[in-house]
>>> print(open('data-v4.pdb').read())   # PDB, C-alpha atoms and all ligand atoms
ATOM      1  CA  MET A1472     -11.699   9.693   7.634  1.00  0.00           C
ATOM      2  CA  THR A1473      -7.942   9.593   8.180  1.00  0.00           C
ATOM      3  CA  HIS A1474      -7.219   6.199   6.672  1.00  0.00           C
ATOM      4  CA  SER A1475      -5.970   5.517   3.168  1.00  0.00           C
ATOM      5  CA  ALA A1476      -4.145   2.692   1.398  1.00  0.00           C
ATOM      6  CA  THR A1477      -0.841   4.470   1.951  1.00  0.00           C
ATOM      7  CA  LEU A1478      -1.461   4.829   5.678  1.00  0.00           C
ATOM      8  CA  ILE A1479      -2.516   1.178   5.950  1.00  0.00           C
ATOM      9  CA  SER A1480       0.730   0.168   4.206  1.00  0.00           C
ATOM     10  CA  TYR A1481       2.774   2.385   6.495  1.00  0.00           C
ATOM     11  CA  LEU A1482       1.062   0.885   9.527  1.00  0.00           C
ATOM     12  CA  HIS A1483       2.749  -2.370   8.487  1.00  0.00           C
ATOM     13  CA  LEU A1484       6.118  -0.725   7.860  1.00  0.00           C
ATOM     14  CA  CYS A1485       6.670   1.969  10.477  1.00  0.00           C
ATOM     15  CA  HIS A1486       4.386   3.917  12.801  1.00  0.00           C
ATOM     16  CA  ARG A1487       6.731   6.887  12.664  1.00  0.00           C
ATOM     17  CA  LYS A1488       6.467   7.023   8.870  1.00  0.00           C
ATOM     18  CA  LEU A1489       2.690   6.749   9.139  1.00  0.00           C
ATOM     19  CA  TRP A1490       2.537   9.632  11.595  1.00  0.00           C
ATOM     20  CA  LEU A1491       4.790  11.889   9.458  1.00  0.00           C
ATOM     21  CA  HIS A1492       2.890  11.086   6.279  1.00  0.00           C
ATOM     22  CA  ALA A1493      -0.466  11.762   7.942  1.00  0.00           C
ATOM     23  CA  ARG A1494       0.836  15.244   8.778  1.00  0.00           C
ATOM     24  CA  HIS A1495       1.693  15.818   5.126  1.00  0.00           C
ATOM     25  CA  ILE A1496       5.389  15.828   5.904  1.00  0.00           C
ATOM     26  CA  ARG A1497       7.224  14.525   2.846  1.00  0.00           C
ATOM     27  CA  MET A1498      10.842  14.110   1.941  1.00  0.00           C
ATOM     28  CA  GLU A1499      12.082  13.831  -1.600  1.00  0.00           C
ATOM     29  CA  HIS A1500      13.114  10.371  -2.540  1.00  0.00           C
ATOM     30  CA  ASN A1501      15.526  10.407  -5.449  1.00  0.00           C
ATOM     31  CA  SER A1502      16.545   6.804  -5.302  1.00  0.00           C
ATOM     32  CA  ASP A1503      16.521   4.566  -8.334  1.00  0.00           C
ATOM     33  CA  THR A1504      13.963   2.411  -6.564  1.00  0.00           C
ATOM     34  CA  VAL A1505      11.228   4.962  -7.171  1.00  0.00           C
ATOM     35  CA  ALA A1506      12.158   5.377 -10.825  1.00  0.00           C
ATOM     36  CA  GLU A1507      12.382   1.649 -11.289  1.00  0.00           C
ATOM     37  CA  GLY A1508       9.042   1.075  -9.602  1.00  0.00           C
ATOM     38  CA  LYS A1509       7.409   3.542 -11.968  1.00  0.00           C
ATOM     39  CA  LEU A1510       9.092   1.938 -14.918  1.00  0.00           C
ATOM     40  CA  ILE A1511       7.685  -1.462 -14.054  1.00  0.00           C
ATOM     41  CA  GLY A1512       4.216   0.008 -13.843  1.00  0.00           C
ATOM     42  CA  GLU A1513       4.486   1.913 -17.085  1.00  0.00           C
ATOM     43  CA  THR A1514       6.266  -0.428 -19.441  1.00  0.00           C
ATOM     44  CA  THR A1515       6.277  -4.087 -18.437  1.00  0.00           C
ATOM     45  CA  TYR A1516       2.505  -4.244 -18.355  1.00  0.00           C
ATOM     46  CA  GLN A1517       1.731  -1.744 -21.064  1.00  0.00           C
ATOM     47  CA  ARG A1518       0.271  -4.334 -23.423  1.00  0.00           C
ATOM     48  CA  ARG A1519      -2.237  -5.482 -20.843  1.00  0.00           C
ATOM     49  CA  ALA A1520      -3.164  -1.961 -19.771  1.00  0.00           C
ATOM     50  CA  GLN A1521      -6.460  -1.753 -21.642  1.00  0.00           C
ATOM     51  CA  LYS A1522      -8.589  -4.051 -19.514  1.00  0.00           C
ATOM     52  CA  TRP A1523      -7.466  -2.374 -16.310  1.00  0.00           C
ATOM     53  CA  LYS A1524      -9.381   0.706 -15.286  1.00  0.00           C
ATOM     54  CA  GLU A1525      -8.467   3.241 -12.671  1.00  0.00           C
ATOM     55  CA  LEU A1526     -10.950   3.262  -9.805  1.00  0.00           C
ATOM     56  CA  ASN A1527     -11.188   6.320  -7.609  1.00  0.00           C
ATOM     57  CA  LEU A1528     -12.476   5.629  -4.097  1.00  0.00           C
ATOM     58  CA  GLY A1529     -12.015   9.094  -2.643  1.00  0.00           C
ATOM     59  CA  HIS A1530      -9.079   8.800  -0.241  1.00  0.00           C
ATOM     60  CA  SER A1531      -7.690   5.853  -2.155  1.00  0.00           C
ATOM     61  CA  LYS A1532      -7.284   5.144  -5.810  1.00  0.00           C
ATOM     62  CA  ILE A1533      -7.009   1.646  -7.248  1.00  0.00           C
ATOM     63  CA  ASP A1534      -4.712   1.818 -10.257  1.00  0.00           C
ATOM     64  CA  HIS A1535      -5.893  -1.405 -11.873  1.00  0.00           C
ATOM     65  CA  TYR A1536      -9.430  -2.714 -11.684  1.00  0.00           C
ATOM     66  CA  ASP A1537     -10.975  -5.097 -14.179  1.00  0.00           C
ATOM     67  CA  PRO A1538     -14.776  -4.739 -13.896  1.00  0.00           C
ATOM     68  CA  GLN A1539     -15.394  -7.847 -16.021  1.00  0.00           C
ATOM     69  CA  THR A1540     -13.630 -10.209 -13.647  1.00  0.00           C
ATOM     70  CA  ASN A1541     -14.034  -8.012 -10.544  1.00  0.00           C
ATOM     71  CA  THR A1542     -10.295  -8.111  -9.976  1.00  0.00           C
ATOM     72  CA  ILE A1543      -7.868  -5.532  -8.701  1.00  0.00           C
ATOM     73  CA  ARG A1544      -4.160  -5.681  -9.386  1.00  0.00           C
ATOM     74  CA  GLU A1545      -1.084  -4.243  -7.758  1.00  0.00           C
ATOM     75  CA  VAL A1546       2.314  -4.444  -9.416  1.00  0.00           C
ATOM     76  CA  LYS A1547       5.291  -4.403  -7.054  1.00  0.00           C
ATOM     77  CA  LYS A1548       8.989  -4.430  -7.555  1.00  0.00           C
ATOM     78  CA  SER A1549      10.042  -6.683  -4.729  1.00  0.00           C
ATOM     79  CA  THR A1550       8.523  -9.281  -2.422  1.00  0.00           C
ATOM     80  CA  LYS A1551      10.487  -7.852   0.510  1.00  0.00           C
ATOM     81  CA  LEU A1552       7.518  -5.951   1.936  1.00  0.00           C
ATOM     82  CA  GLU A1553       4.930  -8.490   0.849  1.00  0.00           C
ATOM     83  CA  HIS A1554       3.004  -8.347   4.127  1.00  0.00           C
ATOM     84  CA  ALA A1555       2.392  -4.609   3.571  1.00  0.00           C
ATOM     85  CA  HIS A1556       1.353  -5.221  -0.038  1.00  0.00           C
ATOM     86  CA  VAL A1557      -1.162  -7.853   1.077  1.00  0.00           C
ATOM     87  CA  ALA A1558      -2.541  -5.467   3.707  1.00  0.00           C
ATOM     88  CA  GLN A1559      -2.939  -2.734   1.096  1.00  0.00           C
ATOM     89  CA  VAL A1560      -4.879  -5.029  -1.225  1.00  0.00           C
ATOM     90  CA  GLN A1561      -7.052  -6.383   1.604  1.00  0.00           C
ATOM     91  CA  TYR A1562      -7.860  -2.790   2.460  1.00  0.00           C
ATOM     92  CA  TYR A1563      -8.871  -2.118  -1.158  1.00  0.00           C
ATOM     93  CA  LEU A1564     -11.121  -5.185  -1.121  1.00  0.00           C
ATOM     94  CA  TYR A1565     -12.673  -3.900   2.105  1.00  0.00           C
ATOM     95  CA  LEU A1566     -13.316  -0.478   0.543  1.00  0.00           C
ATOM     96  CA  LEU A1567     -14.944  -2.136  -2.460  1.00  0.00           C
ATOM     97  CA  GLU A1568     -17.206  -4.184  -0.178  1.00  0.00           C
ATOM     98  CA  LYS A1569     -18.207  -1.037   1.679  1.00  0.00           C
ATOM     99  CA  ARG A1570     -19.292   0.406  -1.649  1.00  0.00           C
ATOM    100  CA  GLY A1571     -21.330  -2.668  -2.509  1.00  0.00           C
ATOM    101  CA  ILE A1572     -18.814  -4.417  -4.767  1.00  0.00           C
ATOM    102  CA  GLN A1573     -18.720  -7.871  -3.217  1.00  0.00           C
ATOM    103  CA  GLY A1574     -16.447 -10.811  -3.915  1.00  0.00           C
ATOM    104  CA  ALA A1575     -13.594  -8.994  -5.643  1.00  0.00           C
ATOM    105  CA  THR A1576     -10.216 -10.709  -5.896  1.00  0.00           C
ATOM    106  CA  GLY A1577      -6.829  -9.065  -5.559  1.00  0.00           C
ATOM    107  CA  LEU A1578      -3.703  -9.973  -7.491  1.00  0.00           C
ATOM    108  CA  ILE A1579      -0.270  -8.808  -6.463  1.00  0.00           C
ATOM    109  CA  GLU A1580       2.202  -9.188  -9.272  1.00  0.00           C
ATOM    110  CA  TYR A1581       5.971  -9.221  -8.872  1.00  0.00           C
ATOM    111  CA  PRO A1582       7.254  -9.165 -12.455  1.00  0.00           C
ATOM    112  CA  LYS A1583      10.916  -9.406 -11.517  1.00  0.00           C
ATOM    113  CA  GLN A1584      10.293 -12.535  -9.468  1.00  0.00           C
ATOM    114  CA  ARG A1585       7.674 -13.819 -11.924  1.00  0.00           C
ATOM    115  CA  LYS A1586       5.347 -14.287  -9.014  1.00  0.00           C
ATOM    116  CA  THR A1587       1.653 -13.546  -8.565  1.00  0.00           C
ATOM    117  CA  ARG A1588      -0.139 -13.747  -5.242  1.00  0.00           C
ATOM    118  CA  GLU A1589      -3.903 -13.909  -4.940  1.00  0.00           C
ATOM    119  CA  VAL A1590      -5.590 -12.038  -2.106  1.00  0.00           C
ATOM    120  CA  VAL A1591      -9.191 -12.413  -0.955  1.00  0.00           C
ATOM    121  CA  LEU A1592     -11.103 -10.853   1.889  1.00  0.00           C
ATOM    122  CA  ASP A1593     -12.403 -13.461   4.317  1.00  0.00           C
ATOM    123  CA  GLU A1594     -13.988 -13.182   7.748  1.00  0.00           C
ATOM    124  CA  VAL A1595     -10.626 -12.971   9.527  1.00  0.00           C
ATOM    125  CA  SER A1596      -8.960 -10.443   7.213  1.00  0.00           C
ATOM    126  CA  ARG A1597     -12.107  -8.302   7.191  1.00  0.00           C
ATOM    127  CA  ARG A1598     -11.877  -8.010  10.971  1.00  0.00           C
ATOM    128  CA  GLU A1599      -8.161  -7.266  10.696  1.00  0.00           C
ATOM    129  CA  VAL A1600      -8.780  -4.409   8.278  1.00  0.00           C
ATOM    130  CA  VAL A1601     -11.260  -2.843  10.718  1.00  0.00           C
ATOM    131  CA  GLY A1602      -8.577  -3.115  13.432  1.00  0.00           C
ATOM    132  CA  TRP A1603      -5.941  -1.532  11.178  1.00  0.00           C
ATOM    133  CA  ILE A1604      -8.210   1.417  10.412  1.00  0.00           C
ATOM    134  CA  ALA A1605      -8.706   2.000  14.149  1.00  0.00           C
ATOM    135  CA  GLU A1606      -4.960   1.733  14.738  1.00  0.00           C
ATOM    136  CA  VAL A1607      -4.175   4.202  11.940  1.00  0.00           C
ATOM    137  CA  GLU A1608      -6.598   6.662  13.494  1.00  0.00           C
ATOM    138  CA  ARG A1609      -5.054   6.195  16.942  1.00  0.00           C
ATOM    139  CA  ILE A1610      -1.495   6.756  15.673  1.00  0.00           C
ATOM    140  CA  THR A1611      -2.332   9.776  13.530  1.00  0.00           C
ATOM    141  CA  GLN A1612      -3.881  11.436  16.563  1.00  0.00           C
ATOM    142  CA  LEU A1613      -0.778  11.062  18.740  1.00  0.00           C
ATOM    143  CA  SER A1614       0.556  14.493  19.585  1.00  0.00           C
ATOM    144  CA  ASN A1615       4.188  13.392  19.312  1.00  0.00           C
ATOM    145  CA  CYS A1616       6.007  11.556  16.569  1.00  0.00           C
ATOM    146  CA  PRO A1617       6.368   7.867  17.527  1.00  0.00           C
ATOM    147  CA  ASP A1618       9.827   6.836  18.725  1.00  0.00           C
ATOM    148  CA  LEU A1619      12.402   5.748  16.248  1.00  0.00           C
ATOM    149  CA  VAL A1620      12.607   1.981  15.934  1.00  0.00           C
ATOM    150  CA  LYS A1621      15.360   0.969  13.548  1.00  0.00           C
ATOM    151  CA  LYS A1622      14.453  -1.621  10.952  1.00  0.00           C
ATOM    152  CA  SER A1623      16.056  -3.046   7.819  1.00  0.00           C
ATOM    153  CA  TYR A1624      13.567  -1.067   5.743  1.00  0.00           C
ATOM    154  CA  CYS A1625      14.955   2.295   6.999  1.00  0.00           C
ATOM    155  CA  ARG A1626      17.691   2.470   4.347  1.00  0.00           C
ATOM    156  CA  SER A1627      15.082   2.567   1.591  1.00  0.00           C
ATOM    157  CA  CYS A1628      12.821   5.013   3.406  1.00  0.00           C
ATOM    158  CA  SER A1629      12.549   8.622   2.242  1.00  0.00           C
ATOM    159  CA  PHE A1630      12.714   9.749   5.888  1.00  0.00           C
ATOM    160  CA  TYR A1631      16.100   8.124   6.442  1.00  0.00           C
ATOM    161  CA  ASP A1632      17.964  11.435   6.695  1.00  0.00           C
ATOM    162  CA  PHE A1633      15.260  12.852   8.939  1.00  0.00           C
ATOM    163  CA  CYS A1634      15.545   9.904  11.330  1.00  0.00           C
ATOM    164  CA  PHE A1635      19.252   9.116  11.277  1.00  0.00           C
ATOM    165  CA  VAL A1636      21.314  12.139  10.211  1.00  0.00           C
TER     166      VAL A1636
HETATM  167  S1  LIG B1701      13.695   5.858   8.400  1.00  0.00           S
HETATM  168 FE1  LIG B1701      12.966   4.051   9.486  1.00  0.00          FE
HETATM  169  S2  LIG B1701      12.228   4.835  11.455  1.00  0.00           S
HETATM  170 FE2  LIG B1701      12.403   6.577  10.060  1.00  0.00          FE
HETATM  171  S3  LIG B1701      10.367   6.818   9.198  1.00  0.00           S
HETATM  172 FE3  LIG B1701      11.572   5.551   7.795  1.00  0.00          FE
HETATM  173  S4  LIG B1701      11.130   3.452   8.373  1.00  0.00           S
HETATM  174 FE4  LIG B1701      10.481   4.755  10.062  1.00  0.00          FE
END
>>> encode(input="data-v4.pdb", output="structure tokens")
Amino acid sequence: MTHSATLISYLHLCHRKLWLHARHIRMEHNSDTVAEGKLIGETTYQRRAQKWKELNLGHSKIDHYDPQTNTIREVKKSTKLEHAHVAQVQYYLYLLEKRGIQGATGLIEYPKQRKTREVVLDEVSRREVVGWIAEVERITQLSNCPDLVKKSYCRSCSFYDFCFV
């Protein structure tokens, strides 16, 4: 199995990033964004931490799962990459279904924007997830790194120097 939540997210951001990550190629990312993202996760929601359990699904780990309400939660800094966040949560819901946990709901929280988005897995998104998994597997098996396609996201990407310098 080559898919994971990270690879599914990268599929929605950049195929080149997906391919590099799948080959365990990493670049240090010292930007404040990473630190800030961690901070949001560790402090803003500290008081509500107790009901959320960590759920390990092998290749993917869900940081926040509430077994009582069958809800998973993702906390994100910015809505800029919302489509990738939704894909990640749909993928989690799919993994839960595969393990017999039906009908879970996903919540994506954006504390800075005071916004919460609900995500469910319906017939259409379930089919999409299956397609994404196949696409991740196809891209990771390419023998060459996918061509560089510049996007606005590149400036925040840890591979920026690798791609542009
Ligand atoms: S810098 Fe841009 S092109 Fe390079 S891996 Fe990151 S997102 Fe992809």
>>> residues_near_ligand(input="data-v4.pdb", ligand="ligand LIG 1701 (chain B)", cutoff="8 Å", atoms="only C-alpha atoms and all ligand atoms", output="PyMOL selection string")
chain A and resi 1484-1489+1491+1618-1635
>>> resolve_selection(input="data-v4.pdb", expression="the PyMOL selection byres (((chain A and resi 1596-1612) around 12) and not hetatm)", output="ChimeraX atom specification")
/A:1472-1483,1485-1495,1555,1557-1569,1590-1595,1613-1618
>>> atom_distance(input="data-v4.pdb", atom1="atom CA of A:Gly1577", atom2="atom CA of A:Arg1544")
5.8 Å
>>> closest_residue(input="data-v4.pdb", among="A:Leu1528, A:Val1636, A:Ile1496, A:Ile1579", to="A:Ser1549", atoms="all atoms listed in the file")
A:Ile1579
>>> closest_residue(input="data-v4.pdb", among="A:Lys1548, A:Glu1553, A:Glu1499, A:Glu1580", to="A:His1535", atoms="all atoms listed in the file")
A:Glu1580
>>> atom_distance(input="data-v4.pdb", atom1="atom CA of A:Leu1578", atom2="atom CA of A:Glu1545")
6.3 Å
>>> closest_residue(input="data-v4.pdb", among="A:His1556, A:Lys1532, A:Thr1550, A:Thr1540", to="A:Tyr1581", atoms="all atoms listed in the file")
A:Thr1550
>>> atom_distance(input="data-v4.pdb", atom1="atom CA of A:Ile1572", atom2="atom CA of A:Lys1524")
15.0 Å
>>> residues_around(input="data-v4.pdb", residues="A:Gln1521", least_positions_apart="6", cutoff="12 Å", atoms="only C-alpha atoms", output="JSON, numbers by chain")
{"A": [1535, 1536, 1537, 1538]}
>>> axis_aligned_box(input="data-v4.pdb", around="stretch 1598-1610 of chain A", padding_each_side="6 Å", output="JSON")
{"center_x": -6.7, "center_y": -0.6, "center_z": 12.6, "size_x": 22.4, "size_y": 26.8, "size_z": 20.7}
>>> closest_residue(input="data-v4.pdb", among="A:Lys1547, A:Thr1542, A:Glu1589, A:Leu1552", to="A:Gly1574", atoms="only C-alpha atoms")
A:Thr1542
